[in-house]
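Worksheet for the structure shown next.
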Amino acid sequence: MAITALSILIPTYNDECVTLVDDLRQQAEQSGIVFEILVGDDGSTDAEVIEKNRKICKWPHCHYLIQIQNIGRAAIRNFLAKEAHYDWLLFIDSDMSMVRHDYLSRYLAMEEADVVDGGVSIVGDAAILKGNLRFKYEKASEQEHTTEIRQKHPYQDFHTANFLIRRDLMLAHPFDERFRYYGYEDVLLGKQLRQSKIAITHIDNQLGFSTFEENAQFILKTEEGLRTLHQFQSDLRGYSRLITLVEGIHLPIILTLIRCWHKLFGKWERKNLCGSHPSLRLFKLYKLGYYLKITQ
């Protein structure tokens, strides 16, 4: 495939992404392609962030599109796809960062492909972030998402933080707009692409993930994601390790014991996870207990 024109689409919510846009703009200009960068603000509430992001409009081919109300994680992505002018779309999450100078050129050099997932690299100083649960979790999971492993499970390991797709395919297979809250809209898109026999190619072209919220905020986000998982469990069956784990427990007494444990010790687990020495083992147990609690 020869990509000569590209729409770079960045959905955001209360995230400053000026540096990311500037890095992308410079690489696009150096490549010589026709391009646009559309940042879709999904009703941000942080006035300071909004004001900083307005700088994006000062650069040629860069636009900052503000939604008055929050329309949801899926809907903002579909909005950007419809607003885009070019045949190829590059979706990037606003909390990503550039870690390689040849990022765009690696996508532009791709041979025939419909959907390409570049992956994510976890960036951060382990000594400084040793008490940050999000960093510890993402870093521990990084080896489960290498390019080689993603290629073995291309649909289950598809994530939308950094992917390239033909615009006609995106419009034909939009994000499911029932997904308004945190989590799993990318997983369902992977399932939809598989059902439509659209191949996903995984390559080594990571963006950096270096924004790690405080522990209490991450726990709230995790709980929101678990509620999303429960809401769409029938749609996500076979695409969620947690659902597979729960449905693989065939003895009701075990599920009852886990629920009882969570009822007795869930608050203590949560206190640890929100503190300065969070345990990854407790995090896994807390997620399982919380999910079983909401499935009662």
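Scheme for the structure tokens: letters A, B, ... for chains in order shown; per-chain residue numbers from 1; ligand numbers from 1 in order shown.
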For Leu255 of chain A, please output as an mmCIF file with N, CA and C atoms, in the first residue's frame all residues within 10 Å (counting only C-alpha atoms; exclusion window: fewer than 2 positions along the same chain).
```cif
data_model
loop_
_atom_site.group_PDB
_atom_site.id
_atom_site.type_symbol
_atom_site.label_atom_id
_atom_site.label_comp_id
_atom_site.auth_asym_id
_atom_site.auth_seq_id
_atom_site.Cartn_x
_atom_site.Cartn_y
_atom_site.Cartn_z
ATOM 1 N N VAL A 246 -13.352 -16.698 35.251
ATOM 2 C CA VAL A 246 -14.564 -16.888 36.060
ATOM 3 C C VAL A 246 -15.403 -18.048 35.524
ATOM 4 N N ILE A 249 -14.294 -21.592 36.412
ATOM 5 C CA ILE A 249 -14.461 -22.075 37.787
ATOM 6 C C ILE A 249 -15.836 -22.740 37.872
ATOM 7 N N HIS A 250 -15.837 -24.050 37.851
ATOM 8 C CA HIS A 250 -17.103 -24.782 37.741
ATOM 9 C C HIS A 250 -17.706 -25.149 39.097
ATOM 10 N N LEU A 251 -16.954 -24.932 40.176
ATOM 11 C CA LEU A 251 -17.483 -25.239 41.503
ATOM 12 C C LEU A 251 -18.049 -23.967 42.125
ATOM 13 N N PRO A 252 -19.359 -23.900 42.310
ATOM 14 C CA PRO A 252 -19.972 -22.693 42.878
ATOM 15 C C PRO A 252 -19.396 -22.313 44.237
ATOM 16 N N ILE A 253 -18.947 -23.286 45.012
ATOM 17 C CA ILE A 253 -18.421 -22.988 46.339
ATOM 18 C C ILE A 253 -17.180 -22.113 46.260
ATOM 19 N N LEU A 257 -16.738 -18.504 47.979
ATOM 20 C CA LEU A 257 -15.636 -18.191 48.887
ATOM 21 C C LEU A 257 -14.918 -16.910 48.464
ATOM 22 N N ILE A 258 -14.732 -16.721 47.142
ATOM 23 C CA ILE A 258 -14.053 -15.514 46.655
ATOM 24 C C ILE A 258 -14.911 -14.283 46.948
ATOM 25 N N ARG A 259 -16.221 -14.418 46.769
ATOM 26 C CA ARG A 259 -17.119 -13.301 47.085
ATOM 27 C C ARG A 259 -17.080 -12.976 48.577
ATOM 28 N N CYS A 260 -17.059 -14.008 49.406
ATOM 29 C CA CYS A 260 -16.983 -13.794 50.857
ATOM 30 C C CYS A 260 -15.676 -13.123 51.241
ATOM 31 N N TRP A 261 -14.583 -13.566 50.618
ATOM 32 C CA TRP A 261 -13.283 -12.945 50.882
ATOM 33 C C TRP A 261 -13.333 -11.453 50.542
ATOM 34 N N LEU A 288 -10.789 -9.671 40.679
ATOM 35 C CA LEU A 288 -11.640 -10.857 40.612
ATOM 36 C C LEU A 288 -12.796 -10.743 41.598
ATOM 37 N N GLY A 289 -12.491 -10.351 42.838
ATOM 38 C CA GLY A 289 -13.541 -10.218 43.844
ATOM 39 C C GLY A 289 -14.548 -9.146 43.486
ATOM 40 N N LEU A 292 -16.820 -10.407 40.673
ATOM 41 C CA LEU A 292 -17.794 -11.378 41.159
ATOM 42 C C LEU A 292 -18.865 -10.708 42.002
ATOM 43 N N LYS A 293 -18.499 -9.659 42.724
ATOM 44 C CA LYS A 293 -19.483 -8.938 43.528
ATOM 45 C C LYS A 293 -20.557 -8.309 42.648
#
```
Identify, on the basis of only C-alpha atoms, every residue whose closest approach to segment 170-186 of chain A does not exceed 6 Å; exclude the query and any residue fewer than 3 positions from it along the same chain; express the result as a list in words.
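Once the nearby chain positions are removed, what remains is Gly72, Arg73, Ala74, Ala75, His159, Thr160, Arg167, Leu189 and Gly225 of chain A.
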Next, the residues of the selection above should be written as a tab-separated table (two decimals), in the first residue's frame with C-alpha atoms.
```
chain	number	residue	atom	x	y	z
A	72	GLY	CA	-18.22	8.79	25.16
A	73	ARG	CA	-15.02	6.96	24.29
A	74	ALA	CA	-16.47	5.16	21.28
A	75	ALA	CA	-18.49	8.05	19.88
A	159	HIS	CA	-5.61	-2.19	21.24
A	160	THR	CA	-6.56	1.21	19.88
A	167	ARG	CA	-11.03	4.95	6.54
A	189	LEU	CA	-13.68	-3.71	17.75
A	225	GLY	CA	-13.66	-0.91	33.53
```
For segment 161-164 of chain A, list every protein, DNA or RNA residue within 6 Å, evaluated using only C-alpha atoms, and leave out those in the same chain fewer than 4 positions away; present the list as a list in words.
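Residues near the query, excluding close chain neighbours: Leu89, Leu90, Phe91, Ile92, Asp93, Val115, Val116, Asp117 and Gly118 of chain A.
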Please determine, counting only C-alpha atoms, which residue among A:Phe283, A:Tyr291, A:Ser97, A:Asn53 has the shortest atom-to-atom distance to Arg227 of chain A.
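Checking each of A:Phe283, A:Tyr291, A:Ser97, A:Asn53 against Arg227 of chain A, counting only C-alpha atoms, the winner is A:Tyr291.
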For Lys52 of chain A, find every residue with an atom within 12 Å (counting only C-alpha atoms), except residues of its own chain fewer than 2 positions away, and show them as a list in words.
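That gives Asn14, Asp15, Glu16, Cys17, Val18, Thr19, Asp46, Ala47, Glu48, Val49, Ile50, Arg54, Lys55, Ile56, Cys57, Lys58 and Tyr64 of chain A.
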DSSP helix (DSSP H, G or I) residues within segment 105-149 of chain A, as a list in words
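Restricting segment 105-149 of chain A to helix (DSSP H, G or I) produces Ser105, Arg106, Tyr107, Leu108, Leu133, Arg134, Phe135, Lys136, Tyr137, Glu138, Lys139, Ala140, Ser141, Glu142, Gln143, Glu144, His145, Thr147, Glu148 and Ile149 of chain A.
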Once you have the residues from the selection above, write them out as a CSV table (one decimal), in the first residue's frame, restricted to N, CA and C atoms.
```
chain,number,residue,atom,x,y,z
A,105,SER,N,7.2,7.0,9.5
A,105,SER,CA,7.8,6.4,8.3
A,105,SER,C,7.7,4.9,8.4
A,106,ARG,N,7.7,4.3,9.6
A,106,ARG,CA,7.5,2.8,9.6
A,106,ARG,C,6.1,2.4,9.2
A,107,TYR,N,5.1,3.2,9.6
A,107,TYR,CA,3.7,3.0,9.1
A,107,TYR,C,3.6,3.2,7.6
A,108,LEU,N,4.2,4.3,7.1
A,108,LEU,CA,4.1,4.6,5.7
A,108,LEU,C,4.8,3.6,4.8
A,133,LEU,N,0.9,2.1,41.3
A,133,LEU,CA,0.3,0.8,40.9
A,133,LEU,C,0.1,0.7,39.4
A,134,ARG,N,-0.3,1.8,38.8
A,134,ARG,CA,-0.5,1.7,37.3
A,134,ARG,C,0.9,1.4,36.6
A,135,PHE,N,1.9,2.0,37.0
A,135,PHE,CA,3.2,1.7,36.4
A,135,PHE,C,3.6,0.2,36.7
A,136,LYS,N,3.5,-0.2,37.9
A,136,LYS,CA,3.9,-1.6,38.2
A,136,LYS,C,3.1,-2.6,37.4
A,137,TYR,N,1.8,-2.3,37.3
A,137,TYR,CA,0.9,-3.2,36.5
A,137,TYR,C,1.2,-3.2,35.1
A,138,GLU,N,1.4,-2.1,34.5
A,138,GLU,CA,1.7,-2.0,33.0
A,138,GLU,C,3.1,-2.6,32.7
A,139,LYS,N,4.0,-2.3,33.6
A,139,LYS,CA,5.4,-2.8,33.4
A,139,LYS,C,5.4,-4.3,33.5
A,140,ALA,N,4.7,-4.9,34.5
A,140,ALA,CA,4.7,-6.3,34.6
A,140,ALA,C,3.9,-7.0,33.5
A,141,SER,N,3.0,-6.3,32.9
A,141,SER,CA,2.2,-6.9,31.7
A,141,SER,C,2.9,-6.7,30.4
A,142,GLU,N,4.0,-5.9,30.3
A,142,GLU,CA,4.6,-5.5,29.1
A,142,GLU,C,5.0,-6.7,28.3
A,143,GLN,N,5.6,-7.7,28.9
A,143,GLN,CA,6.1,-8.8,28.2
A,143,GLN,C,5.0,-9.7,27.7
A,144,GLU,N,3.8,-9.5,28.1
A,144,GLU,CA,2.6,-10.2,27.6
A,144,GLU,C,2.1,-9.6,26.3
A,145,HIS,N,2.7,-8.4,25.9
A,145,HIS,CA,2.2,-7.7,24.7
A,145,HIS,C,3.3,-7.4,23.7
A,147,THR,N,5.5,-7.8,20.3
A,147,THR,CA,5.0,-7.9,18.9
A,147,THR,C,4.8,-9.4,18.6
A,148,GLU,N,5.7,-10.3,19.0
A,148,GLU,CA,5.6,-11.7,18.7
A,148,GLU,C,4.3,-12.3,19.3
A,149,ILE,N,4.0,-11.9,20.5
A,149,ILE,CA,2.8,-12.5,21.2
A,149,ILE,C,1.6,-11.9,20.6
```
Length of the atom CA of Gly131 of chain A to atom CA of Met98 of chain A vector [Å]:
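That distance, rounded to one decimal, is 24.7 Å.
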Within 9 Å of Tyr13 of chain A, counting only C-alpha atoms, which residues show up once you throw out same-chain ones fewer than 5 positions away? Write them as a list in words, please.
Gly40, Asp41, Asp42, Gly43, Ser44, Thr45, Asp46, Asn70 and Ser94 of chain A
How about saving the chosen residues, N, CA and C atoms kept, as a PDB file, in the first residue's frame?
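Output saved as out_35.pdb:
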```pdb
ATOM      1  N   GLY A  40      -9.750  15.485  18.944  1.00  0.00           N
ATOM      2  CA  GLY A  40     -11.154  15.563  19.330  1.00  0.00           C
ATOM      3  C   GLY A  40     -11.299  15.596  20.840  1.00  0.00           C
ATOM      4  N   ASP A  41     -11.677  16.739  21.379  1.00  0.00           N
ATOM      5  CA  ASP A  41     -11.828  16.906  22.822  1.00  0.00           C
ATOM      6  C   ASP A  41     -13.252  16.520  23.217  1.00  0.00           C
ATOM      7  N   ASP A  42     -13.357  15.463  24.013  1.00  0.00           N
ATOM      8  CA  ASP A  42     -14.666  14.921  24.354  1.00  0.00           C
ATOM      9  C   ASP A  42     -15.223  15.570  25.618  1.00  0.00           C
ATOM     10  N   GLY A  43     -15.447  16.890  25.531  1.00  0.00           N
ATOM     11  CA  GLY A  43     -16.081  17.602  26.634  1.00  0.00           C
ATOM     12  C   GLY A  43     -15.222  17.725  27.867  1.00  0.00           C
ATOM     13  N   SER A  44     -13.934  18.039  27.688  1.00  0.00           N
ATOM     14  CA  SER A  44     -13.034  18.182  28.839  1.00  0.00           C
ATOM     15  C   SER A  44     -13.574  19.213  29.823  1.00  0.00           C
ATOM     16  N   THR A  45     -13.276  18.980  31.106  1.00  0.00           N
ATOM     17  CA  THR A  45     -13.738  19.880  32.168  1.00  0.00           C
ATOM     18  C   THR A  45     -12.601  20.710  32.756  1.00  0.00           C
ATOM     19  N   ASP A  46     -11.360  20.417  32.381  1.00  0.00           N
ATOM     20  CA  ASP A  46     -10.197  21.128  32.910  1.00  0.00           C
ATOM     21  C   ASP A  46      -9.888  22.316  31.996  1.00  0.00           C
ATOM     22  N   ASN A  70     -19.689  15.553  26.854  1.00  0.00           N
ATOM     23  CA  ASN A  70     -18.980  14.281  26.709  1.00  0.00           C
ATOM     24  C   ASN A  70     -19.890  13.287  25.997  1.00  0.00           C
ATOM     25  N   SER A  94      -4.371  10.205  23.498  1.00  0.00           N
ATOM     26  CA  SER A  94      -3.743  11.489  23.818  1.00  0.00           C
ATOM     27  C   SER A  94      -2.687  11.398  24.911  1.00  0.00           C
TER      28      SER A  94
END
```
List the neighbours of segment 229-240 of chain A out to 9 Å using only C-alpha atoms; skip same-chain residues closer than 4 positions along the sequence, and give me the result as a PyMOL selection string.
chain A and resi 155-157+179+183-184+187-188+190-191+224-225+244-245+291+294-295
Dump of N, CA and C atoms for the selected residues, as an mmCIF file, in the first residue's frame:
```
data_model
loop_
_atom_site.group_PDB
_atom_site.id
_atom_site.type_symbol
_atom_site.label_atom_id
_atom_site.label_comp_id
_atom_site.auth_asym_id
_atom_site.auth_seq_id
_atom_site.Cartn_x
_atom_site.Cartn_y
_atom_site.Cartn_z
ATOM 1 N N TYR A 155 -6.353 -10.601 17.251
ATOM 2 C CA TYR A 155 -7.628 -9.938 17.552
ATOM 3 C C TYR A 155 -7.801 -9.717 19.058
ATOM 4 N N GLN A 156 -7.450 -10.714 19.856
ATOM 5 C CA GLN A 156 -7.560 -10.564 21.305
ATOM 6 C C GLN A 156 -6.587 -9.526 21.840
ATOM 7 N N ASP A 157 -5.435 -9.370 21.185
ATOM 8 C CA ASP A 157 -4.409 -8.436 21.637
ATOM 9 C C ASP A 157 -4.407 -7.138 20.829
ATOM 10 N N PHE A 179 -20.500 1.821 24.341
ATOM 11 C CA PHE A 179 -19.362 1.936 25.244
ATOM 12 C C PHE A 179 -19.086 3.413 25.508
ATOM 13 N N GLY A 183 -13.031 1.405 29.174
ATOM 14 C CA GLY A 183 -12.697 0.014 28.985
ATOM 15 C C GLY A 183 -13.431 -0.735 27.882
ATOM 16 N N TYR A 184 -12.652 -1.531 27.126
ATOM 17 C CA TYR A 184 -13.121 -2.625 26.284
ATOM 18 C C TYR A 184 -13.744 -2.235 24.954
ATOM 19 N N VAL A 187 -11.476 -3.854 22.522
ATOM 20 C CA VAL A 187 -11.592 -5.318 22.486
ATOM 21 C C VAL A 187 -12.751 -5.728 21.589
ATOM 22 N N LEU A 188 -13.884 -5.048 21.716
ATOM 23 C CA LEU A 188 -15.032 -5.399 20.884
ATOM 24 C C LEU A 188 -14.769 -5.080 19.418
ATOM 25 N N GLY A 190 -11.891 -5.358 17.969
ATOM 26 C CA GLY A 190 -11.094 -6.489 17.509
ATOM 27 C C GLY A 190 -11.962 -7.681 17.159
ATOM 28 N N LYS A 191 -12.968 -7.937 17.984
ATOM 29 C CA LYS A 191 -13.893 -9.047 17.713
ATOM 30 C C LYS A 191 -14.671 -8.798 16.420
ATOM 31 N N GLU A 224 -14.388 1.032 37.165
ATOM 32 C CA GLU A 224 -15.258 1.435 36.058
ATOM 33 C C GLU A 224 -15.128 0.466 34.893
ATOM 34 N N GLY A 225 -13.889 0.050 34.595
ATOM 35 C CA GLY A 225 -13.665 -0.914 33.529
ATOM 36 C C GLY A 225 -14.312 -2.263 33.825
ATOM 37 N N THR A 244 -13.018 -15.474 31.052
ATOM 38 C CA THR A 244 -12.598 -16.860 30.841
ATOM 39 C C THR A 244 -12.248 -17.529 32.160
ATOM 40 N N LEU A 245 -11.551 -16.798 33.031
ATOM 41 C CA LEU A 245 -11.186 -17.338 34.336
ATOM 42 C C LEU A 245 -12.429 -17.644 35.164
ATOM 43 N N TYR A 291 -15.328 -8.038 40.503
ATOM 44 C CA TYR A 291 -16.136 -8.473 39.362
ATOM 45 C C TYR A 291 -17.205 -9.467 39.813
ATOM 46 N N ILE A 294 -20.144 -7.696 41.551
ATOM 47 C CA ILE A 294 -21.114 -7.012 40.699
ATOM 48 C C ILE A 294 -21.871 -7.965 39.780
ATOM 49 N N THR A 295 -21.448 -9.233 39.726
ATOM 50 C CA THR A 295 -22.176 -10.208 38.899
ATOM 51 C C THR A 295 -23.227 -10.962 39.691
#
```
